[in-house]
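Shown next: entry-v2.cif, given as mmCIF, C-alpha atoms and all ligand atoms.
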```
data_coords
#
loop_
_atom_site.group_PDB
_atom_site.id
_atom_site.type_symbol
_atom_site.label_atom_id
_atom_site.label_comp_id
_atom_site.auth_asym_id
_atom_site.auth_seq_id
_atom_site.Cartn_x
_atom_site.Cartn_y
_atom_site.Cartn_z
ATOM 1 C CA MET A 9 -5.892 19.086 4.465
ATOM 2 C CA LEU A 10 -4.968 16.190 2.256
ATOM 3 C CA GLU A 11 -8.141 14.366 3.147
ATOM 4 C CA ASP A 12 -10.128 16.777 1.034
ATOM 5 C CA ALA A 13 -7.715 17.535 -1.754
ATOM 6 C CA PRO A 14 -7.984 15.518 -4.927
ATOM 7 C CA LEU A 15 -4.395 14.649 -5.767
ATOM 8 C CA THR A 16 -2.902 13.930 -9.128
ATOM 9 C CA TRP A 17 -0.428 11.152 -9.458
ATOM 10 C CA GLU A 18 2.385 13.630 -10.059
ATOM 11 C CA GLU A 19 1.554 15.409 -6.836
ATOM 12 C CA VAL A 20 1.591 12.154 -4.920
ATOM 13 C CA ALA A 21 4.903 11.214 -6.510
ATOM 14 C CA ARG A 22 6.462 14.552 -5.675
ATOM 15 C CA ALA A 23 5.109 14.767 -2.195
ATOM 16 C CA TYR A 24 5.659 11.154 -1.172
ATOM 17 C CA GLY A 25 8.339 9.627 -3.395
ATOM 18 C CA ARG A 26 11.096 10.460 -1.028
ATOM 19 C CA LYS A 27 9.148 9.310 2.027
ATOM 20 C CA ILE A 28 8.384 6.001 0.369
ATOM 21 C CA TYR A 29 12.053 5.565 -0.498
ATOM 22 C CA ASN A 30 13.125 6.311 3.073
ATOM 23 C CA PHE A 31 10.478 3.950 4.456
ATOM 24 C CA ALA A 32 11.788 1.129 2.296
ATOM 25 C CA TYR A 33 15.410 1.966 2.926
ATOM 26 C CA ARG A 34 15.013 1.963 6.701
ATOM 27 C CA LEU A 35 13.120 -1.324 6.612
ATOM 28 C CA THR A 36 15.702 -3.091 4.468
ATOM 29 C CA GLY A 37 18.972 -1.169 4.738
ATOM 30 C CA ASN A 38 19.273 -1.685 0.987
ATOM 31 C CA ALA A 39 19.275 1.096 -1.584
ATOM 32 C CA ASP A 40 18.451 -1.052 -4.641
ATOM 33 C CA HIS A 41 15.566 -2.714 -2.914
ATOM 34 C CA ALA A 42 14.271 0.661 -1.743
ATOM 35 C CA ALA A 43 14.522 2.185 -5.222
ATOM 36 C CA ASP A 44 12.688 -0.749 -6.840
ATOM 37 C CA LEU A 45 10.021 -0.539 -4.239
ATOM 38 C CA THR A 46 9.524 3.190 -4.686
ATOM 39 C CA GLN A 47 8.926 2.663 -8.397
ATOM 40 C CA GLU A 48 6.545 -0.174 -7.760
ATOM 41 C CA VAL A 49 4.543 1.830 -5.235
ATOM 42 C CA LEU A 50 4.258 4.851 -7.522
ATOM 43 C CA LEU A 51 3.057 2.550 -10.254
ATOM 44 C CA ARG A 52 0.420 1.035 -8.000
ATOM 45 C CA VAL A 53 -0.636 4.501 -6.871
ATOM 46 C CA LYS A 54 -0.990 5.539 -10.481
ATOM 47 C CA LYS A 55 -3.255 2.602 -11.176
ATOM 48 C CA GLY A 56 -5.202 2.963 -7.970
ATOM 49 C CA LEU A 57 -5.653 6.700 -7.667
ATOM 50 C CA ALA A 58 -8.764 6.804 -9.836
ATOM 51 C CA GLY A 59 -10.433 4.394 -7.457
ATOM 52 C CA TYR A 60 -9.396 6.279 -4.348
ATOM 53 C CA ARG A 61 -12.304 7.698 -2.379
ATOM 54 C CA PRO A 62 -11.836 10.482 0.156
ATOM 55 C CA GLY A 63 -10.917 9.054 3.497
ATOM 56 C CA SER A 64 -7.547 8.559 5.119
ATOM 57 C CA PHE A 65 -5.193 9.254 2.241
ATOM 58 C CA GLU A 66 -2.179 8.404 4.386
ATOM 59 C CA GLY A 67 -3.738 5.107 5.403
ATOM 60 C CA TRP A 68 -4.494 4.301 1.770
ATOM 61 C CA LEU A 69 -1.055 5.242 0.480
ATOM 62 C CA TRP A 70 0.866 3.421 3.176
ATOM 63 C CA ARG A 71 -1.279 0.324 2.872
ATOM 64 C CA ILE A 72 -0.305 0.212 -0.797
ATOM 65 C CA THR A 73 3.310 0.811 0.141
ATOM 66 C CA ARG A 74 3.323 -1.899 2.752
ATOM 67 C CA ASN A 75 1.663 -4.451 0.487
ATOM 68 C CA ALA A 76 4.133 -3.680 -2.277
ATOM 69 C CA PHE A 77 6.937 -4.068 0.197
ATOM 70 C CA LEU A 78 5.703 -7.440 1.441
ATOM 71 C CA ASP A 79 5.146 -8.693 -2.122
ATOM 72 C CA ASP A 80 8.601 -7.555 -3.087
ATOM 73 C CA THR A 81 10.148 -9.222 -0.063
ATOM 74 C CA ARG A 82 8.400 -12.493 -0.879
ATOM 75 C CA ARG A 83 9.581 -12.283 -4.470
ATOM 76 C CA ARG A 84 13.139 -11.745 -3.376
ATOM 77 C CA LYS A 85 12.974 -14.727 -1.046
ATOM 78 C CA ARG A 86 11.987 -16.929 -3.958
ATOM 79 C CA ARG A 87 15.041 -15.759 -5.890
ATOM 80 C CA PRO A 88 17.921 -16.715 -3.675
ATOM 81 C CA THR A 89 20.435 -15.236 -6.108
ATOM 82 C CA ALA A 90 19.234 -11.726 -5.317
ATOM 83 C CA PRO A 91 21.690 -9.838 -3.145
ATOM 84 C CA LEU A 92 21.062 -9.725 0.559
ATOM 85 C CA PRO A 93 19.553 -6.556 1.938
ATOM 86 C CA GLU A 94 22.091 -5.540 4.531
ATOM 87 C CA GLU A 95 24.537 -3.837 2.250
ATOM 88 C CA ILE A 96 24.448 -0.292 3.386
ATOM 89 C CA ASP A 97 27.411 0.664 1.194
ATOM 90 C CA ARG A 98 25.411 0.178 -1.930
ATOM 91 C CA VAL A 99 23.701 3.474 -1.345
ATOM 92 C CA ALA A 100 26.923 5.139 -2.424
ATOM 93 C CA SER A 101 26.819 3.731 -5.923
ATOM 94 C CA TYR A 102 23.158 4.489 -6.331
ATOM 95 C CA SER A 103 22.879 8.091 -5.248
ATOM 96 C CA SER A 104 24.051 10.686 -7.627
ATOM 97 C CA PRO A 105 25.310 14.095 -6.988
ATOM 98 C CA ALA A 106 27.266 13.838 -3.773
ATOM 99 C CA PRO A 107 27.934 10.229 -2.880
ATOM 100 C CA ASP A 108 30.439 11.207 -0.233
ATOM 101 C CA GLN A 109 27.898 13.236 1.599
ATOM 102 C CA VAL A 110 25.295 10.544 1.390
ATOM 103 C CA LEU A 111 27.730 7.938 2.566
ATOM 104 C CA ALA A 112 28.805 10.089 5.480
ATOM 105 C CA ALA A 113 25.208 10.658 6.434
ATOM 106 C CA VAL A 114 24.484 6.961 6.239
ATOM 107 C CA ARG A 115 27.542 6.068 8.270
ATOM 108 C CA LEU A 116 26.419 8.476 10.930
ATOM 109 C CA GLY A 117 23.307 6.435 11.528
ATOM 110 C CA ASP A 118 24.964 3.040 11.016
ATOM 111 C CA ASP A 119 24.460 1.704 14.503
ATOM 112 C CA ILE A 120 20.871 2.876 14.610
ATOM 113 C CA GLN A 121 20.113 1.367 11.205
ATOM 114 C CA ALA A 122 21.750 -1.895 12.260
ATOM 115 C CA ALA A 123 19.727 -1.997 15.463
ATOM 116 C CA LEU A 124 16.569 -1.326 13.497
ATOM 117 C CA LEU A 125 17.308 -4.231 11.146
ATOM 118 C CA GLU A 126 17.597 -6.567 14.117
ATOM 119 C CA LEU A 127 14.021 -5.917 15.211
ATOM 120 C CA PRO A 128 11.369 -8.442 14.181
ATOM 121 C CA TYR A 129 9.512 -7.127 11.140
ATOM 122 C CA ASP A 130 6.268 -6.096 12.868
ATOM 123 C CA PHE A 131 8.095 -3.924 15.379
ATOM 124 C CA ARG A 132 10.483 -2.436 12.834
ATOM 125 C CA GLU A 133 7.580 -1.541 10.591
ATOM 126 C CA ALA A 134 5.634 0.157 13.393
ATOM 127 C CA VAL A 135 8.653 2.179 14.514
ATOM 128 C CA VAL A 136 9.549 3.223 10.963
ATOM 129 C CA LEU A 137 5.990 4.281 10.145
ATOM 130 C CA CYS A 138 5.846 6.316 13.338
ATOM 131 C CA ASP A 139 9.314 7.835 13.566
ATOM 132 C CA ILE A 140 10.578 7.916 9.973
ATOM 133 C CA VAL A 141 7.376 8.425 8.019
ATOM 134 C CA GLY A 142 5.663 10.400 10.778
ATOM 135 C CA LEU A 143 2.229 8.773 10.732
ATOM 136 C CA SER A 144 -0.231 8.994 13.598
ATOM 137 C CA TYR A 145 -1.229 5.779 15.382
ATOM 138 C CA GLU A 146 -4.563 5.930 13.612
ATOM 139 C CA GLU A 147 -2.902 6.182 10.217
ATOM 140 C CA ILE A 148 -0.562 3.317 11.050
ATOM 141 C CA SER A 149 -3.524 1.266 12.154
ATOM 142 C CA ALA A 150 -5.159 1.851 8.759
ATOM 143 C CA ALA A 151 -1.928 1.154 6.910
ATOM 144 C CA ILE A 152 -1.196 -2.190 8.562
ATOM 145 C CA ALA A 153 -4.820 -3.193 9.132
ATOM 146 C CA ALA A 154 -4.355 -3.750 12.858
ATOM 147 C CA PRO A 155 -6.075 -2.241 15.907
ATOM 148 C CA ILE A 156 -4.621 0.913 17.462
ATOM 149 C CA GLY A 157 -3.785 -1.037 20.619
ATOM 150 C CA THR A 158 -1.554 -3.297 18.556
ATOM 151 C CA VAL A 159 0.128 -0.302 16.941
ATOM 152 C CA ARG A 160 0.756 1.293 20.302
ATOM 153 C CA SER A 161 2.194 -1.874 21.765
ATOM 154 C CA ARG A 162 4.468 -2.563 18.779
ATOM 155 C CA ILE A 163 5.882 0.959 18.767
ATOM 156 C CA HIS A 164 6.527 0.779 22.482
ATOM 157 C CA ARG A 165 8.140 -2.660 22.426
ATOM 158 C CA GLY A 166 10.093 -1.745 19.316
ATOM 159 C CA ARG A 167 11.583 1.248 21.099
ATOM 160 C CA LYS A 168 12.461 -0.845 24.127
ATOM 161 C CA MET A 169 14.263 -3.385 21.952
ATOM 162 C CA LEU A 170 16.101 -0.590 20.179
ATOM 163 C CA LYS A 171 17.163 0.913 23.460
ATOM 164 C CA GLU A 172 18.653 -2.411 24.544
ATOM 165 C CA ARG A 173 20.562 -2.789 21.311
ATOM 166 C CA LEU A 174 21.854 0.753 21.305
ATOM 167 C CA GLN A 175 23.222 0.642 24.836
ATOM 168 C CA MET B 1 -1.654 3.538 40.047
ATOM 169 C CA THR B 2 0.542 0.779 38.706
ATOM 170 C CA HIS B 3 3.516 1.952 36.689
ATOM 171 C CA PRO B 4 2.352 2.823 33.185
ATOM 172 C CA SER B 5 4.724 1.515 30.547
ATOM 173 C CA GLU B 6 3.102 1.481 27.137
ATOM 174 C CA PRO B 7 1.377 4.795 27.769
ATOM 175 C CA LEU B 8 4.778 6.434 28.058
ATOM 176 C CA SER B 9 5.491 5.900 24.381
ATOM 177 C CA ALA B 10 2.020 7.107 23.545
ATOM 178 C CA LEU B 11 2.615 10.198 25.675
ATOM 179 C CA LEU B 12 5.783 10.991 23.746
ATOM 180 C CA ASP B 13 3.863 10.640 20.506
ATOM 181 C CA GLY B 14 1.038 12.889 21.662
ATOM 182 C CA GLU B 15 -1.286 9.889 21.378
ATOM 183 C CA LEU B 16 -2.731 9.787 24.892
ATOM 184 C CA THR B 17 -6.201 11.151 25.425
ATOM 185 C CA GLU B 18 -7.721 12.388 28.639
ATOM 186 C CA PRO B 19 -8.072 11.246 31.328
ATOM 187 C CA ASP B 20 -5.184 8.837 30.701
ATOM 188 C CA ARG B 21 -2.805 11.631 29.899
ATOM 189 C CA THR B 22 -3.389 13.445 33.168
ATOM 190 C CA ARG B 23 -3.058 10.200 35.095
ATOM 191 C CA VAL B 24 0.246 9.366 33.462
ATOM 192 C CA VAL B 25 1.633 12.872 33.870
ATOM 193 C CA ASP B 26 0.626 12.873 37.547
ATOM 194 C CA HIS B 27 2.270 9.532 38.037
ATOM 195 C CA LEU B 28 5.464 10.743 36.393
ATOM 196 C CA SER B 29 5.650 13.626 38.811
ATOM 197 C CA THR B 30 6.020 11.193 41.691
ATOM 198 C CA CYS B 31 7.736 8.151 40.204
ATOM 199 C CA HIS B 32 11.424 8.206 39.477
ATOM 200 C CA ALA B 33 11.475 4.796 37.796
ATOM 201 C CA CYS B 34 8.889 5.833 35.262
ATOM 202 C CA ARG B 35 10.694 9.080 34.559
ATOM 203 C CA ASP B 36 13.807 7.038 33.808
ATOM 204 C CA GLU B 37 11.841 4.825 31.485
ATOM 205 C CA LEU B 38 10.380 7.875 29.770
ATOM 206 C CA ASN B 39 13.868 9.233 29.198
ATOM 207 C CA GLU B 40 15.011 5.926 27.721
ATOM 208 C CA LEU B 41 12.057 5.751 25.397
ATOM 209 C CA HIS B 42 12.600 9.330 24.413
ATOM 210 C CA SER B 43 16.184 8.620 23.543
ATOM 211 C CA ALA B 44 15.338 5.520 21.464
ATOM 212 C CA ARG B 45 12.705 7.530 19.650
ATOM 213 C CA ALA B 46 15.096 10.415 19.079
ATOM 214 C CA SER B 47 17.727 8.013 17.691
ATOM 215 C CA VAL B 48 15.408 6.778 14.977
ATOM 216 C CA ARG B 49 14.283 10.293 14.212
ATOM 217 C CA SER B 50 17.881 11.410 13.911
ATOM 218 C CA LEU B 51 18.527 9.094 10.966
ATOM 219 C CA PRO B 52 19.382 11.204 7.941
ATOM 220 C CA LEU B 53 16.718 11.641 5.342
ATOM 221 C CA LEU B 54 18.111 10.093 2.184
ATOM 222 C CA ASP B 55 17.615 11.609 -1.228
ATOM 223 C CA LEU B 56 15.883 9.641 -3.890
ATOM 224 C CA PRO B 57 18.462 8.037 -6.181
ATOM 225 C CA SER B 58 18.977 10.181 -9.247
ATOM 226 C CA GLY B 59 17.001 7.962 -11.599
ATOM 227 C CA LEU B 60 14.066 8.321 -9.284
ATOM 228 C CA SER B 61 14.062 11.965 -8.388
ATOM 229 C CA PRO B 62 11.016 12.963 -10.352
ATOM 230 C CA VAL B 63 9.098 13.885 -8.333
ATOM 231 C CA GLU B 64 10.877 16.883 -7.004
ATOM 232 C CA LYS B 65 9.729 19.233 -9.685
ATOM 233 C CA GLY B 66 7.684 22.058 -8.303
ATOM 234 C CA VAL B 67 8.989 22.260 -4.793
ATOM 235 C CA ALA B 68 6.486 24.973 -4.079
ATOM 236 C CA GLU B 69 3.710 22.513 -4.702
ATOM 237 C CA VAL B 70 5.301 19.984 -2.449
ATOM 238 C CA LEU B 71 5.583 22.531 0.295
ATOM 239 C CA SER B 72 1.980 23.531 -0.116
ATOM 240 C CA LEU B 73 1.037 19.879 0.362
ATOM 241 C CA ARG B 74 3.103 19.520 3.456
ATOM 242 C CA ARG B 75 1.249 17.997 6.324
ATOM 243 C CA ARG B 76 1.045 20.027 9.447
ATOM 244 C CA PRO B 77 -0.260 18.792 12.756
ATOM 245 C CA PRO B 78 -3.241 20.843 13.825
ATOM 246 C CA ALA B 79 -2.269 23.827 15.934
ATOM 247 C CA TRP B 80 -4.064 22.457 18.958
ATOM 248 C CA VAL B 81 -1.764 19.440 19.084
ATOM 249 C CA ALA B 82 1.281 21.606 19.534
ATOM 250 C CA ALA B 83 -0.494 23.874 21.970
ATOM 251 C CA ALA B 84 -1.776 20.986 24.064
ATOM 252 C CA ALA B 85 1.622 19.344 24.068
ATOM 253 C CA ALA B 86 3.328 22.534 25.137
ATOM 254 C CA ALA B 87 0.838 23.036 27.935
ATOM 255 C CA ILE B 88 1.210 19.507 29.244
ATOM 256 C CA LEU B 89 4.940 19.501 29.072
ATOM 257 C CA ALA B 90 5.151 22.862 30.740
ATOM 258 C CA LEU B 91 3.086 21.411 33.539
ATOM 259 C CA PHE B 92 5.093 18.224 33.612
ATOM 260 C CA ILE B 93 8.446 19.943 33.658
ATOM 261 C CA GLY B 94 7.182 22.423 36.198
ATOM 262 C CA VAL B 95 6.191 19.607 38.542
ATOM 263 C CA ALA B 96 9.389 17.733 37.928
ATOM 264 C CA THR B 97 11.498 20.778 38.648
ATOM 265 C CA ILE B 98 9.886 21.109 42.032
ATOM 266 C CA LEU B 99 10.328 17.471 42.916
ATOM 267 C CA ALA B 100 13.716 16.736 41.438
ATOM 268 C CA PRO B 101 16.890 18.534 40.527
ATOM 269 C CA PRO B 102 16.543 19.858 36.990
ATOM 270 C CA THR B 103 19.312 17.680 35.582
ATOM 271 C CA SER B 104 17.487 14.486 36.452
ATOM 272 C CA LEU B 105 14.931 15.121 33.780
ATOM 273 C CA GLU B 106 16.570 14.909 30.445
ATOM 274 C CA VAL B 107 13.434 15.279 28.471
ATOM 275 C CA ARG B 108 13.135 18.976 27.924
ATOM 276 C CA LEU B 109 10.440 21.107 26.507
ATOM 277 C CA ASP B 110 12.433 22.154 23.461
ATOM 278 C CA GLN B 111 13.275 18.544 22.604
ATOM 279 C CA LEU B 112 9.753 17.413 23.126
ATOM 280 C CA SER B 113 8.293 20.148 21.045
ATOM 281 C CA ASP B 114 10.648 18.962 18.301
ATOM 282 C CA GLN B 115 8.720 15.759 18.124
ATOM 283 C CA TYR B 116 5.718 17.545 16.741
ATOM 284 C CA GLY B 117 7.908 19.117 14.150
ATOM 285 C CA ALA B 118 9.271 15.672 13.425
ATOM 286 C CA ARG B 119 5.930 14.621 12.046
ATOM 287 C CA THR B 120 6.790 16.793 9.086
ATOM 288 C CA SER B 121 10.526 16.341 9.248
ATOM 289 C CA LEU B 122 10.746 14.522 5.953
ATOM 290 C CA GLU B 123 9.774 17.527 3.905
ATOM 291 C CA PRO B 124 12.024 20.420 4.758
ATOM 292 C CA ALA B 125 15.087 18.740 3.341
ATOM 293 C CA ILE B 126 13.504 18.338 -0.049
ATOM 294 C CA THR B 127 15.435 20.412 -2.509
ATOM 295 C CA PRO B 128 14.968 21.016 -6.206
ATOM 296 C CA ARG B 129 17.264 18.882 -8.307
ATOM 297 C CA THR B 130 16.682 16.667 -11.234
ATOM 298 C CA PRO B 131 13.466 17.238 -13.114
ATOM 299 C CA LEU B 132 10.930 14.732 -14.107
ATOM 300 C CA GLN B 133 12.760 11.768 -15.559
ATOM 301 C CA VAL B 134 11.052 9.320 -13.411
ATOM 302 C CA ILE B 135 7.564 9.893 -14.421
ATOM 303 C CA ASP B 136 8.373 8.447 -17.812
ATOM 304 C CA ARG B 137 10.412 5.711 -16.309
ATOM 305 C CA VAL B 138 7.742 4.735 -13.859
ATOM 306 C CA ALA B 139 4.992 5.039 -16.393
ATOM 307 C CA GLY B 140 6.739 2.692 -18.798
ATOM 308 C CA PRO B 141 6.636 -1.074 -18.555
ATOM 309 C CA ILE B 142 8.708 -2.633 -15.832
ATOM 310 C CA GLU B 143 11.482 -4.709 -17.188
HETATM 311 ZN ZN ZN A 201 6.018 4.506 38.005
#
```

Represent the supplied structure as structure tokens.
Amino acid sequence: MLEDAPLTWEEVARAYGRKIYNFAYRLTGNADHAADLTQEVLLRVKKGLAGYRPGSFEGWLWRITRNAFLDDTRRRKRRPTAPLPEEIDRVASYSSPAPDQVLAAVRLGDDIQAALLELPYDFREAVVLCDIVGLSYEEISAAIAAPIGTVRSRIHRGRKMLKERLQ
Amino acid sequence: MTHPSEPLSALLDGELTEPDRTRVVDHLSTCHACRDELNELHSARASVRSLPLLDLPSGLSPVEKGVAEVLSLRRRPPAWVAAAAAAILALFIGVATILAPPTSLEVRLDQLSDQYGARTSLEPAITPRTPLQVIDRVAGPIE
């Protein structure tokens, strides 16, 4: 179990880089933003890993990820010249070996991604952590520093809002 | 029992503990409205889980060196979670089959057991590609 295993930064990067990228992409719909964020999180993990004490590794990692995401979002708001997030097409120019495939895959989930982006942040975050990242309620609770009851309610309401938008 | 709403999402996620779980499952066996709601929640949940897993952009795909190591780190839900889920759903579907025509219950055992696989669904698609460029890039100063 991860709880017991001392991880090197490289192991964290390999095991979680892609998850972090997908977390950020699904929250923003923006490939550039997601790539920047992934770098920033890995950097913070690198700095913080020495201070990590055995406990909920997932909670620790995703708390870092979430804080980096919120900082990044605030920074972008202060720079109004930065491009807006909802440019799904940009993923095509960013991903290398088979852009067509990536684009097709992204298009396939277009309506779902759009519906997700319409959810208020708290609900979108809870749904993404649960259904994209695959965290347990307890891990989400640690990651967002909120009680489990709040997590449960946000996931549930988030799904209900999604259902309405996808009908 | 009043109609449980929030607990239905928690049930789908395997996050209900006893005795709540039994209460909710019993209620579902007699309440059509709640079964409909469960199906709707299941479908919203499945939609999000169906989103394709995107590859890291090339400049960032570091990280994928040593796929064997990644796989050895892969998180698995404890075996009892899957076993408990299978048992409950078998019960649930068994009850539902008695009380309703089989087509009325769209949530099926095979789909629902997928959800426990979905906890680890981000990993299997990881494939070896570009080696470690990113470690240097990430380790360097941010521009
Ligand atoms: Zn009911």

Given all atoms listed in the file, how would the per-residue table for chain B near ligand ZN 201 (chain A) read, listing every residue at most 9 Å away with its closest atom pair and distance in Å to one decimal, sorted by chain and number, as CSV?
```
residue,atom,partner,partner_atom,distance
B:Met1,CA,A:ZN201,ZN,8.0
B:Thr2,CA,A:ZN201,ZN,6.7
B:His3,CA,A:ZN201,ZN,3.8
B:Pro4,CA,A:ZN201,ZN,6.3
B:Ser5,CA,A:ZN201,ZN,8.1
B:Val24,CA,A:ZN201,ZN,8.8
B:His27,CA,A:ZN201,ZN,6.3
B:Leu28,CA,A:ZN201,ZN,6.5
B:Thr30,CA,A:ZN201,ZN,7.6
B:Cys31,CA,A:ZN201,ZN,4.6
B:His32,CA,A:ZN201,ZN,6.7
B:Ala33,CA,A:ZN201,ZN,5.5
B:Cys34,CA,A:ZN201,ZN,4.2
B:Arg35,CA,A:ZN201,ZN,7.4
B:Glu37,CA,A:ZN201,ZN,8.7
```

### Task
Can you work out which one of A:Leu51, A:Thr73, A:Arg34, A:Lys27 has the shortest atom-to-atom distance to Tyr129 of chain A, counting only C-alpha atoms?
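Closest to Tyr129 of chain A, using only C-alpha atoms: A:Arg34.
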
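For Arg162 of chain A, the residues within 8 Å (counting all atoms listed in the file, excluding itself and residues fewer than 5 positions away along the chain) are A:Asp130, A:Phe131, A:Ala134, A:Val135.
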
Translate the PyMOL selection byres (((chain A and resi 71) around 10) and not hetatm), as applied to the file shown, into an explicit residue set as a PDB file with C-alpha atoms, keeping the file's coordinate frame.
```
ATOM      1  CA  PHE A  65      -5.193   9.254   2.241  1.00  0.00           C
ATOM      2  CA  GLU A  66      -2.179   8.404   4.386  1.00  0.00           C
ATOM      3  CA  GLY A  67      -3.738   5.107   5.403  1.00  0.00           C
ATOM      4  CA  TRP A  68      -4.494   4.301   1.770  1.00  0.00           C
ATOM      5  CA  LEU A  69      -1.055   5.242   0.480  1.00  0.00           C
ATOM      6  CA  TRP A  70       0.866   3.421   3.176  1.00  0.00           C
ATOM      7  CA  ILE A  72      -0.305   0.212  -0.797  1.00  0.00           C
ATOM      8  CA  THR A  73       3.310   0.811   0.141  1.00  0.00           C
ATOM      9  CA  ARG A  74       3.323  -1.899   2.752  1.00  0.00           C
ATOM     10  CA  ASN A  75       1.663  -4.451   0.487  1.00  0.00           C
ATOM     11  CA  ALA A  76       4.133  -3.680  -2.277  1.00  0.00           C
ATOM     12  CA  PHE A  77       6.937  -4.068   0.197  1.00  0.00           C
ATOM     13  CA  GLU A 147      -2.902   6.182  10.217  1.00  0.00           C
ATOM     14  CA  ILE A 148      -0.562   3.317  11.050  1.00  0.00           C
ATOM     15  CA  SER A 149      -3.524   1.266  12.154  1.00  0.00           C
ATOM     16  CA  ALA A 150      -5.159   1.851   8.759  1.00  0.00           C
ATOM     17  CA  ALA A 151      -1.928   1.154   6.910  1.00  0.00           C
ATOM     18  CA  ILE A 152      -1.196  -2.190   8.562  1.00  0.00           C
ATOM     19  CA  ALA A 153      -4.820  -3.193   9.132  1.00  0.00           C
TER      20      ALA A 153
END
```

### Query
Would you list which chain A residues are within 7 Å of chain B using all atoms listed in the file, as a list of chain:residue names?
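That gives the following set of residues: A:Glu18, A:Ala21, A:Arg22, A:Ala23, A:Gly25, A:Arg26, A:Lys27, A:Tyr29, A:Asn30, A:Gln47, A:Leu51, A:Tyr102, A:Ser103, A:Ser104, A:Ala113, A:Val114, A:Gly117, A:Ile120, A:Asp139, A:Ile140, A:Gly142, A:Arg160, A:Ser161, A:His164, A:Arg167, A:Lys168, A:Leu170, A:Lys171.
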
For the residues selected in the previous step, produce a file with C-alpha atoms as a tab-separated table (two decimals), in the frame of the given file.
```tsv
chain	number	residue	atom	x	y	z
A	18	GLU	CA	2.38	13.63	-10.06
A	21	ALA	CA	4.90	11.21	-6.51
A	22	ARG	CA	6.46	14.55	-5.68
A	23	ALA	CA	5.11	14.77	-2.19
A	25	GLY	CA	8.34	9.63	-3.40
A	26	ARG	CA	11.10	10.46	-1.03
A	27	LYS	CA	9.15	9.31	2.03
A	29	TYR	CA	12.05	5.56	-0.50
A	30	ASN	CA	13.12	6.31	3.07
A	47	GLN	CA	8.93	2.66	-8.40
A	51	LEU	CA	3.06	2.55	-10.25
A	102	TYR	CA	23.16	4.49	-6.33
A	103	SER	CA	22.88	8.09	-5.25
A	104	SER	CA	24.05	10.69	-7.63
A	113	ALA	CA	25.21	10.66	6.43
A	114	VAL	CA	24.48	6.96	6.24
A	117	GLY	CA	23.31	6.44	11.53
A	120	ILE	CA	20.87	2.88	14.61
A	139	ASP	CA	9.31	7.84	13.57
A	140	ILE	CA	10.58	7.92	9.97
A	142	GLY	CA	5.66	10.40	10.78
A	160	ARG	CA	0.76	1.29	20.30
A	161	SER	CA	2.19	-1.87	21.76
A	164	HIS	CA	6.53	0.78	22.48
A	167	ARG	CA	11.58	1.25	21.10
A	168	LYS	CA	12.46	-0.84	24.13
A	170	LEU	CA	16.10	-0.59	20.18
A	171	LYS	CA	17.16	0.91	23.46
```

### Query
What is the atom CA of Ala122 of chain A to atom CA of Thr46 of chain A distance in Å?
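Distance between the two atoms: 21.5 Å.
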
### Atom-to-atom span, atom CA of Leu16 of chain B and atom CA of Asn39 of chain B, Å
17.2 Å

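The two atoms in question, atom CA of Val159 of chain A and atom CA of Leu78 of chain A, are spaced 18.0 Å apart.
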
### Query
Could you spell out the hits of the PyMOL selection byres (((chain A and resi 33) around 10) and not hetatm) on the shown file, as number ranges by chain?
A: 27-32, 34-43, 45-46, 93, 96, 99, 121; B: 54

I need the residues from that last selection saved to file as a JSON list (two decimals), in the coordinates of the input (with C-alpha atoms), if you can.
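Output file result.json follows:
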```json
[["chain", "number", "residue", "atom", "x", "y", "z"],
["A", 27, "LYS", "CA", 9.15, 9.31, 2.03],
["A", 28, "ILE", "CA", 8.38, 6.00, 0.37],
["A", 29, "TYR", "CA", 12.05, 5.56, -0.50],
["A", 30, "ASN", "CA", 13.12, 6.31, 3.07],
["A", 31, "PHE", "CA", 10.48, 3.95, 4.46],
["A", 32, "ALA", "CA", 11.79, 1.13, 2.30],
["A", 34, "ARG", "CA", 15.01, 1.96, 6.70],
["A", 35, "LEU", "CA", 13.12, -1.32, 6.61],
["A", 36, "THR", "CA", 15.70, -3.09, 4.47],
["A", 37, "GLY", "CA", 18.97, -1.17, 4.74],
["A", 38, "ASN", "CA", 19.27, -1.68, 0.99],
["A", 39, "ALA", "CA", 19.27, 1.10, -1.58],
["A", 40, "ASP", "CA", 18.45, -1.05, -4.64],
["A", 41, "HIS", "CA", 15.57, -2.71, -2.91],
["A", 42, "ALA", "CA", 14.27, 0.66, -1.74],
["A", 43, "ALA", "CA", 14.52, 2.18, -5.22],
["A", 45, "LEU", "CA", 10.02, -0.54, -4.24],
["A", 46, "THR", "CA", 9.52, 3.19, -4.69],
["A", 93, "PRO", "CA", 19.55, -6.56, 1.94],
["A", 96, "ILE", "CA", 24.45, -0.29, 3.39],
["A", 99, "VAL", "CA", 23.70, 3.47, -1.34],
["A", 121, "GLN", "CA", 20.11, 1.37, 11.20],
["B", 54, "LEU", "CA", 18.11, 10.09, 2.18]]
```

### Residues within 8 Å of Lys54 of chain A, all atoms listed in the file, excluding chain neighbours under 4 positions, as a ChimeraX atom specification
/A:17,50,58
